[in-house]
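*Asks:* Supplied structure: upload_5.txt, compact mmCIF, C-alpha atoms and all ligand atoms.
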# COMPACT_ATOMS: atom_id res chain seq x y z
CA MET A 1 22.66 8.89 -3.64
CA LYS A 2 21.00 5.69 -4.86
CA ILE A 3 21.76 3.09 -2.22
CA LYS A 4 21.56 -0.61 -2.95
CA TYR A 5 20.72 -2.67 0.12
CA PHE A 6 21.59 -6.37 0.19
CA VAL A 7 19.37 -7.59 3.02
CA THR A 8 19.66 -11.09 4.54
CA GLY A 9 16.68 -12.57 6.38
CA GLY A 10 14.32 -9.94 5.00
CA ALA A 11 11.32 -12.28 5.08
CA GLY A 12 11.55 -12.48 8.87
CA PHE A 13 10.02 -10.15 11.43
CA ILE A 14 12.52 -7.29 11.69
CA GLY A 15 13.91 -7.73 8.16
CA ALA A 16 10.45 -7.35 6.58
CA ASN A 17 9.75 -4.25 8.66
CA PHE A 18 13.14 -2.85 7.62
CA ILE A 19 12.49 -3.44 3.91
CA HIS A 20 9.08 -1.71 4.09
CA TYR A 21 10.72 1.13 6.02
CA ILE A 22 13.65 1.67 3.67
CA ILE A 23 11.58 1.43 0.46
CA GLY A 24 9.23 4.06 1.93
CA GLU A 25 11.99 6.25 3.35
CA GLU A 26 14.43 6.38 0.41
CA PRO A 27 12.71 6.95 -2.95
CA ASP A 28 15.76 5.68 -4.88
CA ALA A 29 16.74 2.75 -2.66
CA ARG A 30 16.94 -0.70 -4.22
CA VAL A 31 16.71 -3.84 -2.13
CA LEU A 32 17.79 -7.41 -2.78
CA ASN A 33 16.46 -9.75 -0.09
CA LEU A 34 18.27 -13.09 0.34
CA ASP A 35 16.23 -15.36 2.58
CA LYS A 36 16.18 -19.14 2.97
CA LEU A 37 12.50 -19.07 3.92
CA THR A 38 12.89 -21.24 6.99
CA TYR A 39 9.81 -21.77 9.16
CA ALA A 40 10.25 -18.12 10.25
CA GLY A 41 10.48 -16.59 6.77
CA ASN A 42 7.20 -15.40 5.32
CA PRO A 43 6.89 -13.90 1.82
CA ASP A 44 3.36 -12.74 2.74
CA SER A 45 4.96 -10.05 4.91
CA LEU A 46 6.36 -8.46 1.72
CA LYS A 47 3.44 -9.17 -0.62
CA SER A 48 2.68 -5.48 -1.16
CA LEU A 49 6.18 -5.08 -2.72
CA ASP A 50 5.77 -7.94 -5.21
CA SER A 51 5.43 -5.64 -8.20
CA ASN A 52 7.74 -2.90 -6.92
CA PRO A 53 10.69 -2.62 -9.35
CA ARG A 54 12.97 -1.49 -6.51
CA TYR A 55 12.48 -4.74 -4.55
CA HIS A 56 13.93 -8.15 -5.49
CA PHE A 57 13.74 -11.44 -3.67
CA ARG A 58 16.02 -14.45 -3.87
CA GLN A 59 15.43 -17.64 -1.91
CA GLY A 60 18.72 -19.09 -0.65
CA ASP A 61 21.04 -19.84 2.22
CA ILE A 62 23.60 -17.36 3.58
CA CYS A 63 25.84 -20.40 4.23
CA ASP A 64 26.16 -21.06 0.47
CA PRO A 65 29.49 -19.49 -0.67
CA LYS A 66 28.82 -19.56 -4.42
CA LEU A 67 25.30 -18.20 -4.16
CA VAL A 68 26.32 -15.33 -1.88
CA GLU A 69 29.37 -14.49 -4.00
CA ASP A 70 27.36 -14.50 -7.24
CA LEU A 71 24.58 -12.37 -5.79
CA LEU A 72 27.02 -9.80 -4.41
CA VAL A 73 28.88 -9.56 -7.72
CA GLU A 74 25.63 -9.26 -9.66
CA PHE A 75 23.87 -6.79 -7.35
CA GLN A 76 26.92 -4.70 -6.31
CA PRO A 77 25.40 -3.50 -3.02
CA THR A 78 26.37 -0.28 -1.27
CA VAL A 79 25.22 -1.71 2.05
CA ILE A 80 24.76 -5.22 3.46
CA VAL A 81 22.22 -5.43 6.27
CA HIS A 82 22.50 -8.80 7.97
CA PHE A 83 19.34 -9.96 9.78
CA ALA A 84 19.31 -13.66 8.79
CA ALA A 85 19.48 -15.84 11.87
CA GLU A 86 17.80 -18.50 13.88
CA SER A 87 16.24 -16.17 16.44
CA HIS A 88 14.18 -18.09 19.00
CA VAL A 89 15.78 -18.93 22.36
CA ASP A 90 13.34 -21.80 23.05
CA ARG A 91 14.17 -23.50 19.74
CA SER A 92 17.90 -23.14 20.46
CA ILE A 93 17.37 -25.19 23.62
CA ASP A 94 15.74 -28.06 21.71
CA GLY A 95 18.03 -27.97 18.66
CA PRO A 96 21.16 -25.79 18.61
CA ASP A 97 22.55 -27.14 15.29
CA GLU A 98 20.84 -24.66 12.99
CA PHE A 99 21.85 -21.82 15.31
CA ILE A 100 25.51 -22.77 14.92
CA ASN A 101 25.14 -23.19 11.15
CA THR A 102 23.27 -20.05 10.28
CA ASN A 103 24.31 -17.63 13.02
CA ILE A 104 28.00 -18.50 13.13
CA LEU A 105 28.93 -20.20 9.86
CA GLY A 106 26.43 -18.16 7.83
CA THR A 107 27.81 -14.89 9.22
CA TYR A 108 31.34 -16.13 8.54
CA ASN A 109 30.47 -16.89 4.92
CA LEU A 110 28.81 -13.51 4.48
CA LEU A 111 31.87 -11.73 5.89
CA LYS A 112 34.17 -13.72 3.62
CA GLN A 113 32.18 -12.90 0.50
CA ALA A 114 31.68 -9.27 1.54
CA ARG A 115 35.44 -8.89 1.99
CA LYS A 116 36.08 -10.17 -1.54
CA LEU A 117 33.55 -7.72 -2.94
CA HIS A 118 34.93 -4.83 -0.87
CA GLU A 119 38.50 -5.46 -1.97
CA GLY A 120 37.51 -5.05 -5.62
CA LEU A 121 35.76 -1.69 -5.13
CA SER A 122 37.12 1.69 -6.19
CA LYS A 123 38.32 4.12 -3.48
CA ASP A 124 35.01 6.06 -3.62
CA GLN A 125 32.93 2.92 -3.50
CA LYS A 126 34.94 1.66 -0.54
CA GLY A 127 34.20 4.90 1.29
CA ASN A 128 30.46 4.32 1.01
CA PHE A 129 30.38 0.56 1.59
CA ARG A 130 28.95 -0.67 4.93
CA PHE A 131 28.27 -4.09 6.47
CA LEU A 132 25.70 -3.76 9.25
CA HIS A 133 25.33 -6.75 11.55
CA VAL A 134 22.10 -6.92 13.55
CA SER A 135 22.65 -8.45 16.97
CA THR A 136 21.03 -8.70 20.36
CA ASP A 137 21.38 -7.54 23.96
CA GLU A 138 21.25 -11.23 24.98
CA VAL A 139 25.00 -11.51 24.26
CA PHE A 140 25.61 -9.58 27.51
CA GLY A 141 23.88 -12.22 29.65
CA SER A 142 21.53 -11.45 32.51
CA LEU A 143 21.31 -8.39 34.79
CA GLY A 144 20.53 -8.21 38.51
CA ASP A 145 18.00 -5.73 39.91
CA SER A 146 19.91 -2.63 38.77
CA GLY A 147 22.17 -1.38 35.98
CA CYS A 148 21.99 -1.50 32.19
CA PHE A 149 23.95 -3.06 29.34
CA SER A 150 26.31 -0.56 27.71
CA GLU A 151 28.61 -1.11 24.74
CA GLU A 152 31.37 -1.79 27.27
CA THR A 153 29.54 -4.60 29.10
CA PRO A 154 31.51 -7.87 28.82
CA TYR A 155 29.90 -10.65 26.83
CA ALA A 156 28.32 -13.46 28.90
CA PRO A 157 25.79 -15.32 26.73
CA ASN A 158 23.69 -17.98 28.48
CA SER A 159 21.62 -19.74 25.78
CA PRO A 160 22.74 -21.55 22.64
CA TYR A 161 21.02 -18.72 20.72
CA SER A 162 22.86 -15.90 22.50
CA ALA A 163 26.16 -17.79 22.38
CA SER A 164 25.81 -18.16 18.60
CA LYS A 165 25.00 -14.46 18.23
CA ALA A 166 27.98 -13.56 20.46
CA SER A 167 30.23 -15.65 18.19
CA SER A 168 28.94 -13.86 15.13
CA ASP A 169 29.55 -10.46 16.78
CA HIS A 170 33.17 -11.45 17.45
CA LEU A 171 33.67 -12.53 13.84
CA VAL A 172 32.28 -9.22 12.59
CA ARG A 173 34.62 -7.32 14.91
CA ALA A 174 37.60 -9.37 13.74
CA TRP A 175 36.84 -8.65 10.05
CA PHE A 176 37.10 -4.93 10.85
CA HIS A 177 40.32 -5.11 12.82
CA THR A 178 42.07 -7.65 10.62
CA TYR A 179 40.80 -6.93 7.12
CA GLY A 180 39.43 -3.39 7.36
CA LEU A 181 35.91 -4.39 6.31
CA PRO A 182 33.73 -1.36 7.23
CA VAL A 183 31.39 -3.08 9.67
CA LEU A 184 28.89 -1.76 12.21
CA THR A 185 27.07 -3.80 14.85
CA THR A 186 23.82 -3.00 16.62
CA ASN A 187 22.77 -4.84 19.79
CA CYS A 188 19.13 -4.30 20.49
CA SER A 189 16.53 -5.36 23.02
CA ASN A 190 13.27 -7.27 22.49
CA ASN A 191 11.40 -6.00 19.43
CA TYR A 192 7.62 -6.02 19.07
CA GLY A 193 5.28 -4.94 16.28
CA PRO A 194 3.75 -6.24 13.02
CA TYR A 195 4.86 -9.47 11.29
CA GLN A 196 6.39 -11.25 14.30
CA PHE A 197 6.35 -15.04 14.03
CA PRO A 198 3.81 -16.30 16.58
CA GLU A 199 6.32 -18.24 18.70
CA LYS A 200 7.45 -15.07 20.50
CA LEU A 201 5.76 -13.76 23.65
CA ILE A 202 3.60 -10.98 22.17
CA PRO A 203 1.84 -12.92 19.37
CA VAL A 204 1.69 -16.07 21.57
CA ILE A 205 -0.36 -14.12 24.09
CA VAL A 206 -2.58 -12.34 21.52
CA PHE A 207 -3.53 -15.52 19.64
CA ASN A 208 -3.96 -17.82 22.63
CA ALA A 209 -6.12 -15.14 24.23
CA LEU A 210 -8.39 -14.86 21.17
CA ASP A 211 -8.60 -18.68 20.99
CA GLY A 212 -9.74 -18.89 24.61
CA LYS A 213 -6.60 -20.87 25.52
CA PRO A 214 -4.27 -20.57 28.55
CA LEU A 215 -1.76 -17.70 28.33
CA PRO A 216 1.59 -19.35 29.18
CA VAL A 217 3.75 -17.22 31.50
CA TYR A 218 7.13 -18.84 32.21
CA GLY A 219 8.05 -19.15 35.89
CA ASP A 220 6.45 -16.42 38.01
CA GLY A 221 6.39 -13.80 35.23
CA SER A 222 8.92 -11.55 36.99
CA ASN A 223 11.61 -11.72 34.26
CA ILE A 224 12.20 -8.32 32.71
CA ARG A 225 12.69 -7.34 29.07
CA ASP A 226 13.22 -3.86 27.55
CA TRP A 227 10.67 -3.52 24.74
CA LEU A 228 11.52 -1.72 21.50
CA TYR A 229 8.95 -0.96 18.79
CA VAL A 230 10.24 -2.53 15.58
CA GLU A 231 9.95 0.67 13.50
CA ASP A 232 12.07 2.53 16.06
CA HIS A 233 14.64 -0.24 15.62
CA CYS A 234 14.52 0.14 11.81
CA ARG A 235 15.14 3.89 12.15
CA ALA A 236 18.08 3.14 14.43
CA ILE A 237 19.63 0.73 11.91
CA HIS A 238 19.17 3.32 9.15
CA ARG A 239 20.80 6.00 11.30
CA VAL A 240 23.76 3.74 12.14
CA ILE A 241 24.28 2.96 8.44
CA GLN A 242 24.19 6.67 7.58
CA LYS A 243 26.11 8.16 10.50
CA GLY A 244 27.70 5.39 12.56
CA GLU A 245 31.45 5.07 12.86
CA THR A 246 32.76 1.87 11.29
CA GLY A 247 34.11 -0.70 13.75
CA GLU A 248 31.78 0.64 16.46
CA THR A 249 28.86 -1.10 18.16
CA TYR A 250 25.61 0.64 19.15
CA ASN A 251 23.10 -0.51 21.75
CA VAL A 252 19.47 0.12 20.82
CA GLY A 253 16.67 -0.04 23.39
CA GLY A 254 13.19 1.30 23.98
CA HIS A 255 13.53 2.52 27.60
CA ASN A 256 10.61 0.20 28.36
CA GLU A 257 11.61 -2.23 31.06
CA LYS A 258 8.62 -4.38 32.00
CA THR A 259 8.09 -7.71 33.70
CA ASN A 260 6.59 -10.37 31.46
CA LEU A 261 3.50 -10.33 33.66
CA GLU A 262 3.07 -6.57 33.13
CA VAL A 263 3.35 -7.12 29.36
CA VAL A 264 0.76 -9.90 29.40
CA HIS A 265 -1.64 -7.78 31.48
CA THR A 266 -1.17 -4.87 29.06
CA ILE A 267 -2.10 -7.08 26.10
CA CYS A 268 -5.12 -8.50 27.97
CA GLY A 269 -6.29 -4.97 28.83
CA LEU A 270 -6.07 -3.91 25.18
CA LEU A 271 -7.95 -7.01 24.02
CA ASP A 272 -10.62 -6.37 26.68
CA GLU A 273 -11.04 -2.91 25.14
CA PHE A 274 -10.86 -3.85 21.43
CA ARG A 275 -12.56 -7.26 21.49
CA PRO A 276 -14.40 -7.69 24.85
CA LYS A 277 -15.34 -11.22 25.93
CA PRO A 278 -18.99 -11.88 26.82
CA SER A 279 -17.89 -12.06 30.46
CA GLY A 280 -14.65 -11.66 32.40
CA SER A 281 -11.23 -10.53 31.21
CA TYR A 282 -8.62 -12.17 28.98
CA ALA A 283 -6.38 -11.92 32.06
CA ASP A 284 -8.43 -14.78 33.56
CA GLN A 285 -6.63 -17.06 31.05
CA ILE A 286 -3.14 -16.30 32.47
CA THR A 287 -1.43 -19.57 33.44
CA PHE A 288 1.98 -19.91 35.08
CA VAL A 289 3.98 -22.71 33.43
CA LYS A 290 7.35 -24.39 33.99
CA ASP A 291 10.20 -21.92 33.54
CA ARG A 292 12.51 -21.77 30.49
CA PRO A 293 15.82 -23.57 31.26
CA GLY A 294 18.52 -20.95 31.90
CA HIS A 295 15.96 -18.14 31.70
CA ASP A 296 17.79 -14.78 31.80
CA LYS A 297 16.31 -12.66 34.59
CA ARG A 298 16.58 -9.12 33.32
CA TYR A 299 17.68 -7.21 30.21
CA ALA A 300 17.93 -3.40 30.07
CA ILE A 301 19.70 -1.27 27.49
CA ASP A 302 21.61 1.94 28.01
CA ALA A 303 20.95 3.58 24.63
CA GLY A 304 22.95 6.70 25.57
CA LYS A 305 25.67 6.29 22.93
CA ILE A 306 23.33 6.14 19.92
CA GLY A 307 21.36 9.04 21.43
CA ARG A 308 24.40 11.28 22.00
CA GLU A 309 26.43 10.39 18.91
CA LEU A 310 23.75 9.70 16.29
CA ASP A 311 20.78 11.64 17.70
CA TRP A 312 18.49 8.58 17.73
CA ARG A 313 15.68 8.12 20.24
CA PRO A 314 12.68 5.78 20.24
CA LEU A 315 9.52 7.61 19.16
CA GLU A 316 7.03 5.03 20.37
CA SER A 317 6.06 4.74 24.04
CA PHE A 318 5.18 1.36 25.56
CA GLU A 319 1.48 2.36 25.60
CA SER A 320 1.31 3.67 22.02
CA GLY A 321 3.44 0.84 20.62
CA PHE A 322 1.45 -1.95 22.24
CA ARG A 323 -1.86 -0.34 21.24
CA LYS A 324 -0.73 -0.24 17.58
CA THR A 325 0.67 -3.77 17.72
CA VAL A 326 -2.40 -5.46 19.21
CA GLN A 327 -4.60 -3.57 16.73
CA TRP A 328 -2.35 -4.76 13.85
CA TYR A 329 -2.70 -8.41 14.83
CA LEU A 330 -6.49 -8.01 15.15
CA ASP A 331 -6.59 -6.44 11.67
CA ASN A 332 -4.31 -9.10 10.12
CA THR A 333 -5.66 -12.39 11.40
CA GLU A 334 -5.31 -13.93 7.90
CA TRP A 335 -1.52 -13.36 8.00
CA VAL A 336 -1.31 -15.34 11.24
CA LYS A 337 -3.93 -17.94 10.35
CA LYS A 338 -1.87 -19.00 7.33
CA ILE A 339 1.19 -19.53 9.54
CA LEU A 340 -0.75 -21.44 12.16
CA ASP A 341 -2.16 -23.77 9.47
CA GLY A 342 1.44 -25.00 8.99
CA ASP A 343 3.71 -27.06 11.27
CA TYR A 344 3.70 -24.72 14.25
CA ARG A 345 0.49 -24.41 16.31
CA LEU A 346 1.47 -22.25 19.31
CA GLU A 347 2.72 -25.30 21.24
CA ARG A 348 5.31 -25.02 24.02
CA ILE A 349 8.93 -25.32 22.83
CA GLY A 350 12.26 -25.46 24.70
CA LEU A 351 11.72 -27.67 27.72
CA GLU A 352 14.79 -29.86 27.13
CA LYS A 353 16.13 -30.90 30.53
CA ARG A 354 19.49 -29.52 31.61
P1 LIG B 401 13.07 -14.07 12.45
O1 LIG B 401 13.31 -15.42 13.03
O2 LIG B 401 11.69 -13.51 12.47
O3 LIG B 401 13.58 -14.04 10.94
C1 LIG B 401 14.79 -14.63 10.54
C2 LIG B 401 14.81 -14.67 9.02
O4 LIG B 401 16.06 -15.21 8.59
C3 LIG B 401 13.72 -15.57 8.42
O5 LIG B 401 13.09 -14.93 7.34
C4 LIG B 401 14.48 -16.81 7.94
O6 LIG B 401 13.90 -17.46 6.83
C5 LIG B 401 15.84 -16.19 7.59
N1 LIG B 401 16.93 -17.18 7.66
C6 LIG B 401 17.20 -18.05 8.66
N2 LIG B 401 18.27 -18.80 8.34
C7 LIG B 401 18.71 -18.38 7.12
C8 LIG B 401 19.78 -18.75 6.28
N3 LIG B 401 20.63 -19.73 6.63
N4 LIG B 401 19.94 -18.10 5.11
C9 LIG B 401 19.08 -17.12 4.74
N5 LIG B 401 18.04 -16.74 5.50
C10 LIG B 401 17.85 -17.35 6.68
O7 LIG B 401 14.08 -13.11 13.22
P2 LIG B 401 13.90 -11.58 13.66
O8 LIG B 401 13.18 -11.54 14.96
O9 LIG B 401 13.41 -10.79 12.51
O10 LIG B 401 15.43 -11.20 13.96
C11 LIG B 401 16.26 -10.66 12.93
C12 LIG B 401 17.64 -10.43 13.51
O11 LIG B 401 17.56 -9.55 14.62
C13 LIG B 401 18.32 -11.70 14.03
O12 LIG B 401 19.68 -11.65 13.68
C14 LIG B 401 18.12 -11.63 15.54
O13 LIG B 401 19.17 -12.31 16.20
C15 LIG B 401 18.18 -10.13 15.77
N6 LIG B 401 17.43 -9.66 16.94
C16 LIG B 401 16.10 -9.91 17.08
C17 LIG B 401 15.40 -9.39 18.17
C18 LIG B 401 13.93 -9.61 18.36
O14 LIG B 401 13.39 -9.17 19.37
N7 LIG B 401 13.23 -10.25 17.45
C19 LIG B 401 16.09 -8.64 19.13
C20 LIG B 401 17.46 -8.44 18.97
C21 LIG B 401 18.12 -8.92 17.86
O1 LIG B 402 5.05 -18.27 25.88
C1 LIG B 402 5.94 -17.56 26.39
N1 LIG B 402 5.84 -17.22 27.72
C2 LIG B 402 6.78 -16.46 28.37
O2 LIG B 402 6.64 -16.18 29.56
C3 LIG B 402 7.09 -17.09 25.65
C4 LIG B 402 7.24 -17.44 24.19
C5 LIG B 402 8.02 -16.32 26.31
N2 LIG B 402 7.88 -16.03 27.63
C6 LIG B 402 8.89 -15.16 28.29
C7 LIG B 402 10.34 -15.54 28.05
C8 LIG B 402 11.04 -14.20 28.03
O3 LIG B 402 11.36 -13.80 29.35
O4 LIG B 402 8.72 -13.86 27.69
C9 LIG B 402 9.99 -13.23 27.48
C10 LIG B 402 10.15 -12.94 26.00
O5 LIG B 402 10.33 -14.19 25.35
P1 LIG B 402 10.60 -14.31 23.77
O6 LIG B 402 9.51 -13.61 23.05
O7 LIG B 402 10.85 -15.75 23.46
O8 LIG B 402 11.91 -13.42 23.60
P2 LIG B 402 13.37 -13.51 24.26
O9 LIG B 402 13.72 -14.87 24.68
O10 LIG B 402 13.46 -12.42 25.32
O11 LIG B 402 14.28 -13.11 22.99
C11 LIG B 402 13.87 -12.08 22.07
O12 LIG B 402 14.57 -10.89 22.28
C12 LIG B 402 15.94 -10.87 22.01
C13 LIG B 402 14.09 -12.55 20.63
O13 LIG B 402 13.41 -13.78 20.43
C14 LIG B 402 15.56 -12.69 20.32
O14 LIG B 402 15.74 -13.01 18.95
C15 LIG B 402 16.24 -11.39 20.61
O15 LIG B 402 17.62 -11.51 20.44
Using the file provided, produce a representation of the structure as structure tokens.

*Replies:*
Amino acid sequence: MKIKYFVTGGAGFIGANFIHYIIGEEPDARVLNLDKLTYAGNPDSLKSLDSNPRYHFRQGDICDPKLVEDLLVEFQPTVIVHFAAESHVDRSIDGPDEFINTNILGTYNLLKQARKLHEGLSKDQKGNFRFLHVSTDEVFGSLGDSGCFSEETPYAPNSPYSASKASSDHLVRAWFHTYGLPVLTTNCSNNYGPYQFPEKLIPVIVFNALDGKPLPVYGDGSNIRDWLYVEDHCRAIHRVIQKGETGETYNVGGHNEKTNLEVVHTICGLLDEFRPKPSGSYADQITFVKDRPGHDKRYAIDAGKIGRELDWRPLESFESGFRKTVQWYLDNTEWVKKILDGDYRLERIGLEKR
């Protein structure tokens, strides 16, 4: 079957990886990417698809009712994959407005327009239609020393970012129960891999290390994240679209719980191997800095449901995934250099006082 994917936020980190994945995976798939091209959107990440007749790009805002309605009517998607969001916790501390606009109101607009489209479909088309909402494990809050987030864990978001994502998850759920829109939600852990905007931990460490600058570790570096290689995440989203039960949510994680300090040491070790310094280790640049306000202590995902019900498991180990990722950034310095020539220069964000 020829599937038409209406992707939002496809010029961002995970969206771009997903578009490359789906175009490669499904020979007949067509993709329309609606992206506002905020600071985080980067058309360079999709440059190799510029002349691909199966890929189309439209710059625009998911909050714009007329634009979204027109595009849906024109493109007639089989599947909507919703990545578009403000995604950086530190930025949500300094300026929550855009998080409320895009993550909550933008998702609301998308649901409203998707419902209109869905209601006009034939019975067969309705059977195939899916709205997949990409969300985060941060909606569940922070864990103590043990236990994992399951799909049953109550929501307890702590940052403006996670609160806005939690709101969007609730709206998506309500559109299923109230209007019968065939939605699916995935809640995943921290992604890493190619094309990540260099405000997030992994590229921050790689590029500061190569520049000979301090490597900023928040607090004492003992906070834990569960790292998921972005291509494993893309496979999970694809599997949920194909086999997931509508109205259900699926947690996606990499089974890679690490402290931030372990992650930073891993990156330094790989850089020492790939690009040794004349003397000493990149780890000598590690610097402990003031903690993030409201910093969640630990995230860990129980990915048992998607494993049991949809037969999905991560293929990449922490070691193999980080090796590939660091190598990718070393091989693609131009991609990053262009970003860092703009407004953002790896400076610290998110220190607003509570
Ligand atoms: P990103 O910040 O790299 O990309 C977001 C994209 O959305 C950008 O291309 C941006 O231009 C676009 N966008 C923002 N506002 C828009 C608007 N109003 N209209 C249209 N486009 C808009 O984010 P990412 O890391 O790729 O995350 C994608 C999704 O996955 C988000 O919903 C995020 O909450 C979720 N998520 C991310 C992670 C992670 O580790 N990165 C983990 C769990 C969940
Ligand atoms: O310079 C840094 N130093 C540091 O110690 C940065 C940028 C981060 N950190 C810490 C904070 C976190 O404990 O590293 C950890 C990871 O930080 P981020 O890369 O900012 O990710 P996080 O806040 O965990 O959120 C990410 O995963 C869940 C994504 O940005 C979210 O979009 C996703 O929902």

*Asks:* Choose the residue, out of A:Gln76, A:Ser87, A:Ser135, A:Ser320, that has the smallest atom-to-atom separation from A:Ser159; count all atoms listed in the file.

*Replies:*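 Selected residue with least distance to A:Ser159: A:Ser87.
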
*Asks:* Which residues form the shell of 8 Å around ligand LIG 401 (chain B) when you count only C-alpha atoms and all ligand atoms, given as a ChimeraX atom specification?

*Replies:* /A:8-16,34-42,59-63,82-88,98,101-103,106,133-138,165,187-192,196-197,228

*Asks:* Go through chain A and flag each residue having an atom no more than 8 Å from ligand LIG 402 (chain B); for those, report the closest pair of atoms plus their distance in Å to one decimal, using all atoms listed in the file, ordered by chain and rising number, as CSV.

*Replies:*
residue,atom,partner,partner_atom,distance
A:Glu86,CA,B:LIG402,O14,7.8
A:Ser87,CA,B:LIG402,O14,4.1
A:His88,CA,B:LIG402,O13,4.6
A:Val89,CA,B:LIG402,O9,5.1
A:Asp90,CA,B:LIG402,O7,6.6
A:Ser135,CA,B:LIG402,O15,6.8
A:Thr136,CA,B:LIG402,O15,4.4
A:Asp137,CA,B:LIG402,O15,6.5
A:Glu138,CA,B:LIG402,O15,5.8
A:Tyr161,CA,B:LIG402,O14,8.0
A:Ser162,CA,B:LIG402,O15,7.1
A:Cys188,CA,B:LIG402,O15,7.4
A:Ser189,CA,B:LIG402,C12,5.6
A:Asn190,CA,B:LIG402,O12,3.9
A:Asn191,CA,B:LIG402,O12,6.5
A:Glu199,CA,B:LIG402,C4,5.6
A:Lys200,CA,B:LIG402,O6,3.6
A:Leu201,CA,B:LIG402,O6,3.8
A:Ile202,CA,B:LIG402,O6,6.5
A:Val204,CA,B:LIG402,O1,5.9
A:Ile205,CA,B:LIG402,O1,7.0
A:Leu215,CA,B:LIG402,O1,7.3
A:Pro216,CA,B:LIG402,O1,4.9
A:Val217,CA,B:LIG402,O2,3.6
A:Tyr218,CA,B:LIG402,O2,3.8
A:Gly219,CA,B:LIG402,O2,7.1
A:Gly221,CA,B:LIG402,O2,6.2
A:Asn223,CA,B:LIG402,O3,5.3
A:Ile224,CA,B:LIG402,O3,6.5
A:Arg225,CA,B:LIG402,O10,6.4
A:Asn260,CA,B:LIG402,O4,5.6
A:Leu261,CA,B:LIG402,O2,7.8
A:Asp291,CA,B:LIG402,O2,7.8
A:Arg292,CA,B:LIG402,C7,7.0
A:His295,CA,B:LIG402,O3,6.7
A:Asp296,CA,B:LIG402,O3,7.0
A:Lys297,CA,B:LIG402,O3,7.3
A:Arg348,CA,B:LIG402,O1,7.0

*Asks:* Which residues of stretch 139-237 of chain A come within 9 Å of stretch 312-315 of chain A, and what is each one's closest atom pair and distance in Å (one decimal), counting all atoms listed in the file, sorted by chain and residue number, as a Markdown table?

*Replies:*
| residue | atom | partner | partner_atom | distance |
| --- | --- | --- | --- | --- |
| A:Leu228 | CA | A:Pro314 | CA | 7.7 |
| A:Tyr229 | CA | A:Pro314 | CA | 7.8 |
| A:Glu231 | CA | A:Pro314 | CA | 8.9 |
| A:Asp232 | CA | A:Pro314 | CA | 5.3 |
| A:His233 | CA | A:Pro314 | CA | 7.8 |
| A:Arg235 | CA | A:Trp312 | CA | 8.0 |
| A:Ala236 | CA | A:Trp312 | CA | 6.4 |

*Asks:* Could you produce a table of the residues of stretch 145-235 of chain A lying within 10 Å of stretch 126-131 of chain A, with the nearest pair of atoms per residue and their separation in Å rounded to one decimal, using all atoms listed in the file, ordered by chain and increasing residue number, as a Markdown table?

*Replies:*
| residue | atom | partner | partner_atom | distance |
| --- | --- | --- | --- | --- |
| A:Val172 | CA | A:Phe131 | CA | 8.9 |
| A:Phe176 | CA | A:Phe131 | CA | 9.9 |
| A:Leu181 | CA | A:Phe131 | CA | 7.6 |
| A:Pro182 | CA | A:Arg130 | CA | 5.3 |
| A:Val183 | CA | A:Phe131 | CA | 4.6 |
| A:Leu184 | CA | A:Phe131 | CA | 6.2 |
| A:Thr185 | CA | A:Phe131 | CA | 8.5 |

*Asks:* So how far away is atom CA of A:Leu111 from atom CA of A:Gly95, in Å?

*Replies:* 24.9 Å

*Asks:* I'd like the neighbourhood of A:Ile23 as a ChimeraX atom specification, where a residue qualifies if any of its atoms comes within 12 Å (using all atoms listed in the file), though same-chain residues fewer than 2 positions away should be ignored.

*Replies:* /A:2-5,16-21,25-32,46,48-49,52-56,234,238

*Asks:* Write out as a PyMOL selection string which residues come within 9 Å of A:Asp284 when counting all atoms listed in the file, dropping same-chain ones fewer than 3 positions away.

*Replies:* chain A and resi 214-215+280-281+287
